[in-house]
>>> print(open('protein.pdb').read())   # PDB, C-alpha atoms
ATOM      1  CA  MET G   1      34.523   5.758 -85.807
ATOM      2  CA  LYS G   2      34.459   9.528 -86.144
ATOM      3  CA  LYS G   3      31.669  11.753 -87.401
ATOM      4  CA  ASN G   4      32.777  14.318 -89.925
ATOM      5  CA  PHE G   5      33.407  17.619 -88.144
ATOM      6  CA  ARG G   6      31.734  19.458 -91.017
ATOM      7  CA  LEU G   7      28.357  17.885 -90.255
ATOM      8  CA  LEU G   8      25.998  20.244 -88.471
ATOM      9  CA  ASN G   9      25.657  19.781 -84.717
ATOM     10  CA  LYS G  10      22.467  20.924 -82.951
ATOM     11  CA  GLU G  11      24.400  22.022 -79.894
ATOM     12  CA  LYS G  12      26.393  24.659 -81.754
ATOM     13  CA  THR G  13      24.320  25.706 -84.783
ATOM     14  CA  THR G  14      22.150  28.706 -85.590
ATOM     15  CA  LEU G  15      20.252  29.957 -88.618
ATOM     16  CA  LEU G  16      20.809  33.449 -90.016
ATOM     17  CA  VAL G  17      18.177  34.812 -92.408
ATOM     18  CA  ILE G  18      19.669  37.746 -94.325
ATOM     19  CA  ASP G  19      17.594  40.629 -95.695
ATOM     20  CA  ILE G  20      14.582  38.888 -97.275
ATOM     21  CA  GLN G  21      12.757  42.174 -97.705
ATOM     22  CA  ASP G  22       9.681  43.004 -99.748
ATOM     23  CA  ARG G  23      10.889  45.848-101.926
ATOM     24  CA  ILE G  24      13.749  43.876-103.452
ATOM     25  CA  LEU G  25      12.020  40.497-103.813
ATOM     26  CA  PRO G  26      10.201  41.285-107.098
ATOM     27  CA  VAL G  27      13.532  41.515-108.944
ATOM     28  CA  ILE G  28      15.203  38.500-107.295
ATOM     29  CA  PHE G  29      15.851  35.399-109.432
ATOM     30  CA  GLU G  30      13.469  32.642-108.259
ATOM     31  CA  SER G  31      12.336  34.642-105.224
ATOM     32  CA  GLU G  32       9.491  32.192-104.511
ATOM     33  CA  ARG G  33      12.073  29.400-104.086
ATOM     34  CA  VAL G  34      14.026  31.543-101.628
ATOM     35  CA  ILE G  35      10.928  32.376 -99.552
ATOM     36  CA  ARG G  36       9.624  28.792 -99.579
ATOM     37  CA  ASN G  37      12.961  27.306 -98.458
ATOM     38  CA  ALA G  38      13.730  30.038 -95.928
ATOM     39  CA  VAL G  39      10.342  29.349 -94.301
ATOM     40  CA  LYS G  40      11.178  25.620 -94.207
ATOM     41  CA  LEU G  41      14.525  26.349 -92.561
ATOM     42  CA  ILE G  42      13.001  28.704 -89.995
ATOM     43  CA  SER G  43      10.213  26.241 -89.205
ATOM     44  CA  GLY G  44      12.623  23.315 -88.946
ATOM     45  CA  PHE G  45      14.951  25.217 -86.629
ATOM     46  CA  LYS G  46      11.967  26.141 -84.463
ATOM     47  CA  ILE G  47      10.823  22.498 -84.317
ATOM     48  CA  MET G  48      14.308  21.565 -83.081
ATOM     49  CA  ASN G  49      14.391  24.558 -80.691
ATOM     50  CA  LEU G  50      17.457  26.021 -82.365
ATOM     51  CA  PRO G  51      18.218  29.753 -82.454
ATOM     52  CA  VAL G  52      17.239  31.855 -85.464
ATOM     53  CA  TYR G  53      18.457  35.377 -86.197
ATOM     54  CA  TYR G  54      17.421  37.640 -89.044
ATOM     55  CA  THR G  55      18.540  40.939 -90.460
ATOM     56  CA  GLU G  56      17.096  43.803 -92.450
ATOM     57  CA  GLN G  57      19.305  45.917 -94.688
ATOM     58  CA  TYR G  58      18.361  49.604 -94.583
ATOM     59  CA  PRO G  59      14.610  48.957 -94.007
ATOM     60  CA  LYS G  60      13.752  52.585 -94.761
ATOM     61  CA  GLY G  61      14.801  51.958 -98.358
ATOM     62  CA  LEU G  62      14.239  48.214 -98.818
ATOM     63  CA  GLY G  63      11.112  47.868 -96.707
ATOM     64  CA  PRO G  64      10.291  45.288 -94.043
ATOM     65  CA  THR G  65      10.949  41.568 -94.056
ATOM     66  CA  ASN G  66       8.607  39.570 -96.287
ATOM     67  CA  PRO G  67       5.334  38.736 -94.430
ATOM     68  CA  GLN G  68       5.703  34.952 -94.916
ATOM     69  CA  ILE G  69       9.163  35.098 -93.392
ATOM     70  CA  LYS G  70       7.962  37.377 -90.551
ATOM     71  CA  GLU G  71       5.128  34.981 -89.786
ATOM     72  CA  ALA G  72       7.508  32.013 -89.638
ATOM     73  CA  LEU G  73       9.706  34.069 -87.300
ATOM     74  CA  ASN G  74       6.697  34.755 -85.047
ATOM     75  CA  ASN G  75       7.119  38.475 -85.751
ATOM     76  CA  SER G  76      10.311  38.678 -83.678
ATOM     77  CA  GLU G  77      12.502  41.761 -84.039
ATOM     78  CA  ALA G  78      14.994  42.052 -86.883
ATOM     79  CA  ILE G  79      18.588  43.075 -86.423
ATOM     80  CA  GLN G  80      18.797  46.222 -88.520
ATOM     81  CA  LYS G  81      21.985  47.043 -90.336
ATOM     82  CA  MET G  82      23.464  49.495 -92.785
ATOM     83  CA  SER G  83      26.579  47.460 -93.617
ATOM     84  CA  PHE G  84      26.294  44.847 -96.338
ATOM     85  CA  SER G  85      27.953  42.190 -94.174
ATOM     86  CA  CYS G  86      26.148  41.118 -91.030
ATOM     87  CA  TYR G  87      29.533  41.640 -89.384
ATOM     88  CA  GLY G  88      28.357  45.240 -89.064
ATOM     89  CA  ALA G  89      25.111  44.218 -87.359
ATOM     90  CA  PRO G  90      25.242  45.353 -83.726
ATOM     91  CA  ASP G  91      26.801  42.643 -81.517
ATOM     92  CA  LEU G  92      25.640  39.726 -83.701
ATOM     93  CA  PHE G  93      29.001  37.958 -84.022
ATOM     94  CA  GLU G  94      29.812  38.531 -80.346
ATOM     95  CA  ASP G  95      26.418  37.160 -79.267
ATOM     96  CA  LEU G  96      26.920  34.007 -81.331
ATOM     97  CA  LYS G  97      30.370  33.442 -79.805
ATOM     98  CA  LYS G  98      28.987  33.940 -76.264
ATOM     99  CA  ARG G  99      26.270  31.347 -76.955
ATOM    100  CA  GLY G 100      28.852  28.807 -78.105
ATOM    101  CA  ILE G 101      27.686  28.898 -81.707
ATOM    102  CA  GLU G 102      30.330  27.558 -84.088
ATOM    103  CA  GLN G 103      28.216  26.687 -87.127
ATOM    104  CA  VAL G 104      25.960  29.105 -88.975
ATOM    105  CA  VAL G 105      23.418  28.130 -91.628
ATOM    106  CA  VAL G 106      22.807  31.072 -93.939
ATOM    107  CA  CYS G 107      19.910  31.926 -96.226
ATOM    108  CA  GLY G 108      18.741  35.196 -97.768
ATOM    109  CA  ILE G 109      19.488  37.796-100.417
ATOM    110  CA  GLU G 110      21.427  38.991-102.275
ATOM    111  CA  SER G 111      23.896  36.139-102.627
ATOM    112  CA  HIS G 112      26.646  38.180-104.271
ATOM    113  CA  VAL G 113      26.482  41.101-101.812
ATOM    114  CA  CYS G 114      25.119  40.767 -98.253
ATOM    115  CA  VAL G 115      25.101  36.961 -98.120
ATOM    116  CA  MET G 116      28.591  36.537 -99.573
ATOM    117  CA  GLN G 117      30.197  39.293 -97.496
ATOM    118  CA  THR G 118      28.602  37.869 -94.344
ATOM    119  CA  VAL G 119      29.751  34.341 -95.158
ATOM    120  CA  LEU G 120      33.319  35.503 -95.801
ATOM    121  CA  ASP G 121      33.345  37.461 -92.527
ATOM    122  CA  PHE G 122      31.986  34.469 -90.585
ATOM    123  CA  ILE G 123      34.756  32.291 -92.031
ATOM    124  CA  ALA G 124      37.370  34.930 -91.139
ATOM    125  CA  ASN G 125      36.050  34.809 -87.554
ATOM    126  CA  ASP G 126      36.369  31.008 -87.282
ATOM    127  CA  PHE G 127      32.723  30.060 -87.793
ATOM    128  CA  GLN G 128      31.863  27.113 -89.995
ATOM    129  CA  VAL G 129      29.297  28.311 -92.535
ATOM    130  CA  HIS G 130      26.690  26.239 -94.354
ATOM    131  CA  VAL G 131      24.991  28.079 -97.210
ATOM    132  CA  ALA G 132      21.549  26.747 -98.112
ATOM    133  CA  ALA G 133      21.950  27.197-101.883
ATOM    134  CA  ASP G 134      18.237  26.754-102.536
ATOM    135  CA  ALA G 135      17.387  29.484-100.008
ATOM    136  CA  ILE G 136      19.608  32.275-101.378
ATOM    137  CA  SER G 137      19.518  34.264-104.603
ATOM    138  CA  SER G 138      20.367  37.490-106.411
ATOM    139  CA  ARG G 139      18.759  39.623-109.074
ATOM    140  CA  ARG G 140      20.643  37.743-111.781
ATOM    141  CA  GLU G 141      21.275  34.002-111.937
ATOM    142  CA  PHE G 142      24.893  34.604-112.999
ATOM    143  CA  ASP G 143      25.534  36.637-109.833
ATOM    144  CA  TYR G 144      23.964  33.899-107.702
ATOM    145  CA  GLN G 145      26.080  31.157-109.311
ATOM    146  CA  THR G 146      29.277  33.207-109.074
ATOM    147  CA  ALA G 147      28.644  33.959-105.391
ATOM    148  CA  LEU G 148      28.118  30.245-104.644
ATOM    149  CA  ARG G 149      31.466  29.417-106.254
ATOM    150  CA  ARG G 150      33.289  32.191-104.398
ATOM    151  CA  MET G 151      31.812  31.244-101.013
ATOM    152  CA  GLU G 152      32.667  27.580-101.557
ATOM    153  CA  SER G 153      36.226  28.353-102.689
ATOM    154  CA  ASN G 154      36.688  30.315 -99.451
ATOM    155  CA  GLY G 155      35.589  27.441 -97.218
ATOM    156  CA  ALA G 156      31.802  27.620 -97.006
ATOM    157  CA  GLU G 157      29.835  24.395 -97.107
ATOM    158  CA  ILE G 158      27.265  24.597 -99.910
ATOM    159  CA  SER G 159      24.186  22.641 -98.923
ATOM    160  CA  LEU G 160      20.418  22.472 -99.399
ATOM    161  CA  THR G 161      17.465  23.159 -97.121
ATOM    162  CA  GLU G 162      16.469  19.533 -96.784
ATOM    163  CA  SER G 163      20.079  18.411 -96.270
ATOM    164  CA  VAL G 164      20.552  20.959 -93.479
ATOM    165  CA  LEU G 165      17.389  19.899 -91.656
ATOM    166  CA  PHE G 166      18.064  16.155 -91.812
ATOM    167  CA  GLU G 167      21.722  16.663 -90.905
ATOM    168  CA  LEU G 168      20.616  18.430 -87.732
ATOM    169  CA  LEU G 169      18.038  15.746 -86.935
ATOM    170  CA  GLU G 170      20.604  12.924 -87.273
ATOM    171  CA  VAL G 171      18.021  10.142 -86.780
ATOM    172  CA  CYS G 172      14.530   9.262 -87.949
ATOM    173  CA  GLY G 173      11.588   8.048 -85.906
ATOM    174  CA  THR G 174      11.390  10.984 -83.487
ATOM    175  CA  ASP G 175       8.588  13.527 -83.155
ATOM    176  CA  GLN G 176      10.961  16.197 -84.490
ATOM    177  CA  PHE G 177      11.742  13.999 -87.503
ATOM    178  CA  LYS G 178       8.044  13.518 -88.227
ATOM    179  CA  ALA G 179       7.371  17.279 -87.995
ATOM    180  CA  VAL G 180      10.360  18.185 -90.189
ATOM    181  CA  SER G 181       9.434  15.483 -92.718
ATOM    182  CA  LYS G 182       6.050  17.166 -93.160
ATOM    183  CA  LEU G 183       7.804  20.468 -93.880
ATOM    184  CA  VAL G 184       9.948  19.142 -96.716
ATOM    185  CA  LYS G 185       7.238  17.158 -98.531
TER     186      LYS G 185
END
>>> encode(input="protein.pdb", output="structure tokens")
Amino acid sequence: MKKNFRLLNKEKTTLLVIDIQDRILPVIFESERVIRNAVKLISGFKIMNLPVYYTEQYPKGLGPTNPQIKEALNNSEAIQKMSFSCYGAPDLFEDLKKRGIEQVVVCGIESHVCVMQTVLDFIANDFQVHVAADAISSRREFDYQTALRRMESNGAEISLTESVLFELLEVCGTDQFKAVSKLVK
């Protein structure tokens, strides 16, 4: 029997947190949902010892990453960018390829700009992309929904935070499973 090749594989997966910055969050549709689920993803990836990257779009204008996100990231350094797509982030795509990463789980804001352009560029560069739909958003719900449809129609897997975490775990009964289960309750 074969496992579906679209299922996430711990050996070749990373998380990318895109531009969850303080100055824009007050106008983001359901921003609390985005923060809550991004923190769950970050924490789950850390429990499983999987790599996590995060970006900041023009921090001089949009401010720093949200403190809850920064705390979950253990205050590691952001990849700063001026381009909307993370394709323009210095050496990010090349670093992922060197590390053997083939699957990227994406969360962040805004879905119809930075997230969508990044997802489309990842797909164009032969990465499999899983968008955590409950951990992305835009200022307007319509923009968020439209971006989800466009990403999916271009080959992105649309998933959910809990689905991503349990897909990576594969089995129950382990210490990692118990720790991740506490996160999603």
>>> residues_around(input="protein.pdb", residues="segment 109-123 of chain G", least_positions_apart="2", cutoff="9 Å", atoms="all atoms listed in the file", output="PyMOL selection string")
chain G and resi 17-21+24-25+28+34+57+83-87+93+104+106-107+125-131+135-139+143-148+150-151+154-156
>>> residues_near_point(input="protein.pdb", point="(12.9, 23.9, -87.3)", cutoff="12 Å", atoms="only C-alpha atoms", output="MDAnalysis selection string")
chainID G and resid 10 13:15 37:52 72:73 161:162 164:169 175:184
>>> resolve_selection(input="protein.pdb", expression="the PyMOL selection byres ((chain G and resi 64) around 9)", output="PyMOL selection string")
chain G and resi 19-23+56+59-60+62-63+65-67+70
>>> closest_residue(input="protein.pdb", among="G:Ile158, G:Ile35, G:Leu92, G:Ile69", to="Leu7 of chain G", atoms="only C-alpha atoms")
G:Ile158
>>> axis_aligned_box(input="protein.pdb", around="segment 16-29 of chain G", padding_each_side="5 Å", output="lines of an AutoDock Vina configuration file")
center_x = 15.2
center_y = 39.6
center_z = -99.7
size_x = 21.1
size_y = 22.4
size_z = 29.4
>>> closest_residue(input="protein.pdb", among="G:Ser76, G:Ser159, G:Gln103, G:Thr55", to="Asn9 of chain G", atoms="all atoms listed in the file")
G:Gln103
>>> residues_around(input="protein.pdb", residues="Pro90 of chain G", least_positions_apart="6", cutoff="10 Å", atoms="only C-alpha atoms", output="ChimeraX atom specification")
/G:79-81
>>> atom_distance(input="protein.pdb", atom1="atom CA of Gly108 of chain G", atom2="atom CA of Glu11 of chain G")
22.9 Å
>>> atom_distance(input="protein.pdb", atom1="atom CA of Ala133 of chain G", atom2="atom CA of Glu157 of chain G")
9.6 Å
>>> closest_residue(input="protein.pdb", among="G:Glu77, G:Arg140, G:Lys185, G:Tyr54", to="Val27 of chain G", atoms="only C-alpha atoms")
G:Arg140
>>> atom_distance(input="protein.pdb", atom1="atom CA of Leu16 of chain G", atom2="atom CA of Glu30 of chain G")
19.7 Å
>>> build_atoms(input="protein.pdb", residues="segment 94-125 of chain G", atoms="N, CA and C atoms", output="mmCIF file, in the frame of the given file")
data_model
loop_
_atom_site.group_PDB
_atom_site.id
_atom_site.type_symbol
_atom_site.label_atom_id
_atom_site.label_comp_id
_atom_site.auth_asym_id
_atom_site.auth_seq_id
_atom_site.Cartn_x
_atom_site.Cartn_y
_atom_site.Cartn_z
ATOM 1 N N GLU G 94 29.445 38.704 -81.750
ATOM 2 C CA GLU G 94 29.812 38.531 -80.346
ATOM 3 C C GLU G 94 28.769 37.688 -79.609
ATOM 4 N N ASP G 95 27.494 37.924 -79.897
ATOM 5 C CA ASP G 95 26.418 37.160 -79.267
ATOM 6 C C ASP G 95 26.518 35.685 -79.632
ATOM 7 N N LEU G 96 26.794 35.398 -80.896
ATOM 8 C CA LEU G 96 26.920 34.007 -81.331
ATOM 9 C C LEU G 96 28.084 33.325 -80.613
ATOM 10 N N LYS G 97 29.197 34.012 -80.500
ATOM 11 C CA LYS G 97 30.370 33.442 -79.805
ATOM 12 C C LYS G 97 30.037 33.166 -78.333
ATOM 13 N N LYS G 98 29.361 34.118 -77.676
ATOM 14 C CA LYS G 98 28.987 33.940 -76.264
ATOM 15 C C LYS G 98 28.080 32.736 -76.067
ATOM 16 N N ARG G 99 27.212 32.474 -77.050
ATOM 17 C CA ARG G 99 26.270 31.347 -76.955
ATOM 18 C C ARG G 99 26.903 30.012 -77.345
ATOM 19 N N GLY G 100 28.167 30.041 -77.718
ATOM 20 C CA GLY G 100 28.852 28.807 -78.105
ATOM 21 C C GLY G 100 28.522 28.339 -79.506
ATOM 22 N N ILE G 101 28.008 29.240 -80.321
ATOM 23 C CA ILE G 101 27.686 28.898 -81.707
ATOM 24 C C ILE G 101 28.971 28.833 -82.515
ATOM 25 N N GLU G 102 29.154 27.731 -83.231
ATOM 26 C CA GLU G 102 30.330 27.558 -84.088
ATOM 27 C C GLU G 102 29.939 27.368 -85.544
ATOM 28 N N GLN G 103 28.690 26.963 -85.777
ATOM 29 C CA GLN G 103 28.216 26.687 -87.127
ATOM 30 C C GLN G 103 27.011 27.577 -87.418
ATOM 31 N N VAL G 104 27.041 28.207 -88.589
ATOM 32 C CA VAL G 104 25.960 29.105 -88.975
ATOM 33 C C VAL G 104 25.416 28.653 -90.327
ATOM 34 N N VAL G 105 24.112 28.409 -90.373
ATOM 35 C CA VAL G 105 23.418 28.130 -91.628
ATOM 36 C C VAL G 105 22.892 29.472 -92.124
ATOM 37 N N VAL G 106 23.160 29.775 -93.382
ATOM 38 C CA VAL G 106 22.807 31.072 -93.939
ATOM 39 C C VAL G 106 21.822 30.912 -95.085
ATOM 40 N N CYS G 107 20.810 31.797 -95.086
ATOM 41 C CA CYS G 107 19.910 31.926 -96.226
ATOM 42 C C CYS G 107 19.610 33.416 -96.409
ATOM 43 N N GLY G 108 19.105 33.798 -97.575
ATOM 44 C CA GLY G 108 18.741 35.196 -97.768
ATOM 45 C C GLY G 108 19.159 35.758 -99.110
ATOM 46 N N ILE G 109 19.159 37.091 -99.183
ATOM 47 C CA ILE G 109 19.488 37.796 -100.417
ATOM 48 C C ILE G 109 20.346 39.019 -100.101
ATOM 49 N N GLU G 110 21.045 39.548 -101.007
ATOM 50 C CA GLU G 110 21.427 38.991 -102.275
ATOM 51 C C GLU G 110 22.704 38.198 -102.115
ATOM 52 N N SER G 111 22.780 37.062 -102.810
ATOM 53 C CA SER G 111 23.896 36.139 -102.627
ATOM 54 C C SER G 111 25.252 36.771 -102.889
ATOM 55 N N HIS G 112 25.339 37.633 -103.887
ATOM 56 C CA HIS G 112 26.646 38.180 -104.271
ATOM 57 C C HIS G 112 27.032 39.437 -103.492
ATOM 58 N N VAL G 113 26.163 39.903 -102.593
ATOM 59 C CA VAL G 113 26.482 41.101 -101.812
ATOM 60 C C VAL G 113 26.402 40.745 -100.318
ATOM 61 N N CYS G 114 25.248 40.942 -99.706
ATOM 62 C CA CYS G 114 25.119 40.767 -98.253
ATOM 63 C C CYS G 114 25.405 39.338 -97.795
ATOM 64 N N VAL G 115 24.881 38.354 -98.522
ATOM 65 C CA VAL G 115 25.101 36.961 -98.120
ATOM 66 C C VAL G 115 26.582 36.621 -98.223
ATOM 67 N N MET G 116 27.194 36.905 -99.366
ATOM 68 C CA MET G 116 28.591 36.537 -99.573
ATOM 69 C C MET G 116 29.523 37.263 -98.600
ATOM 70 N N GLN G 117 29.325 38.561 -98.419
ATOM 71 C CA GLN G 117 30.197 39.293 -97.496
ATOM 72 C C GLN G 117 30.053 38.764 -96.072
ATOM 73 N N THR G 118 28.831 38.438 -95.677
ATOM 74 C CA THR G 118 28.602 37.869 -94.344
ATOM 75 C C THR G 118 29.302 36.527 -94.200
ATOM 76 N N VAL G 119 29.133 35.668 -95.187
ATOM 77 C CA VAL G 119 29.751 34.341 -95.158
ATOM 78 C C VAL G 119 31.269 34.464 -95.042
ATOM 79 N N LEU G 120 31.864 35.331 -95.841
ATOM 80 C CA LEU G 120 33.319 35.503 -95.801
ATOM 81 C C LEU G 120 33.776 36.034 -94.440
ATOM 82 N N ASP G 121 33.004 36.947 -93.862
ATOM 83 C CA ASP G 121 33.345 37.461 -92.527
ATOM 84 C C ASP G 121 33.173 36.397 -91.446
ATOM 85 N N PHE G 122 32.142 35.566 -91.545
ATOM 86 C CA PHE G 122 31.986 34.469 -90.585
ATOM 87 C C PHE G 122 33.198 33.537 -90.651
ATOM 88 N N ILE G 123 33.604 33.186 -91.859
ATOM 89 C CA ILE G 123 34.756 32.291 -92.031
ATOM 90 C C ILE G 123 36.011 32.928 -91.443
ATOM 91 N N ALA G 124 36.200 34.221 -91.686
ATOM 92 C CA ALA G 124 37.370 34.930 -91.139
ATOM 93 C C ALA G 124 37.364 34.949 -89.612
ATOM 94 N N ASN G 125 36.191 34.797 -89.009
ATOM 95 C CA ASN G 125 36.050 34.809 -87.554
ATOM 96 C C ASN G 125 35.858 33.403 -86.976
#
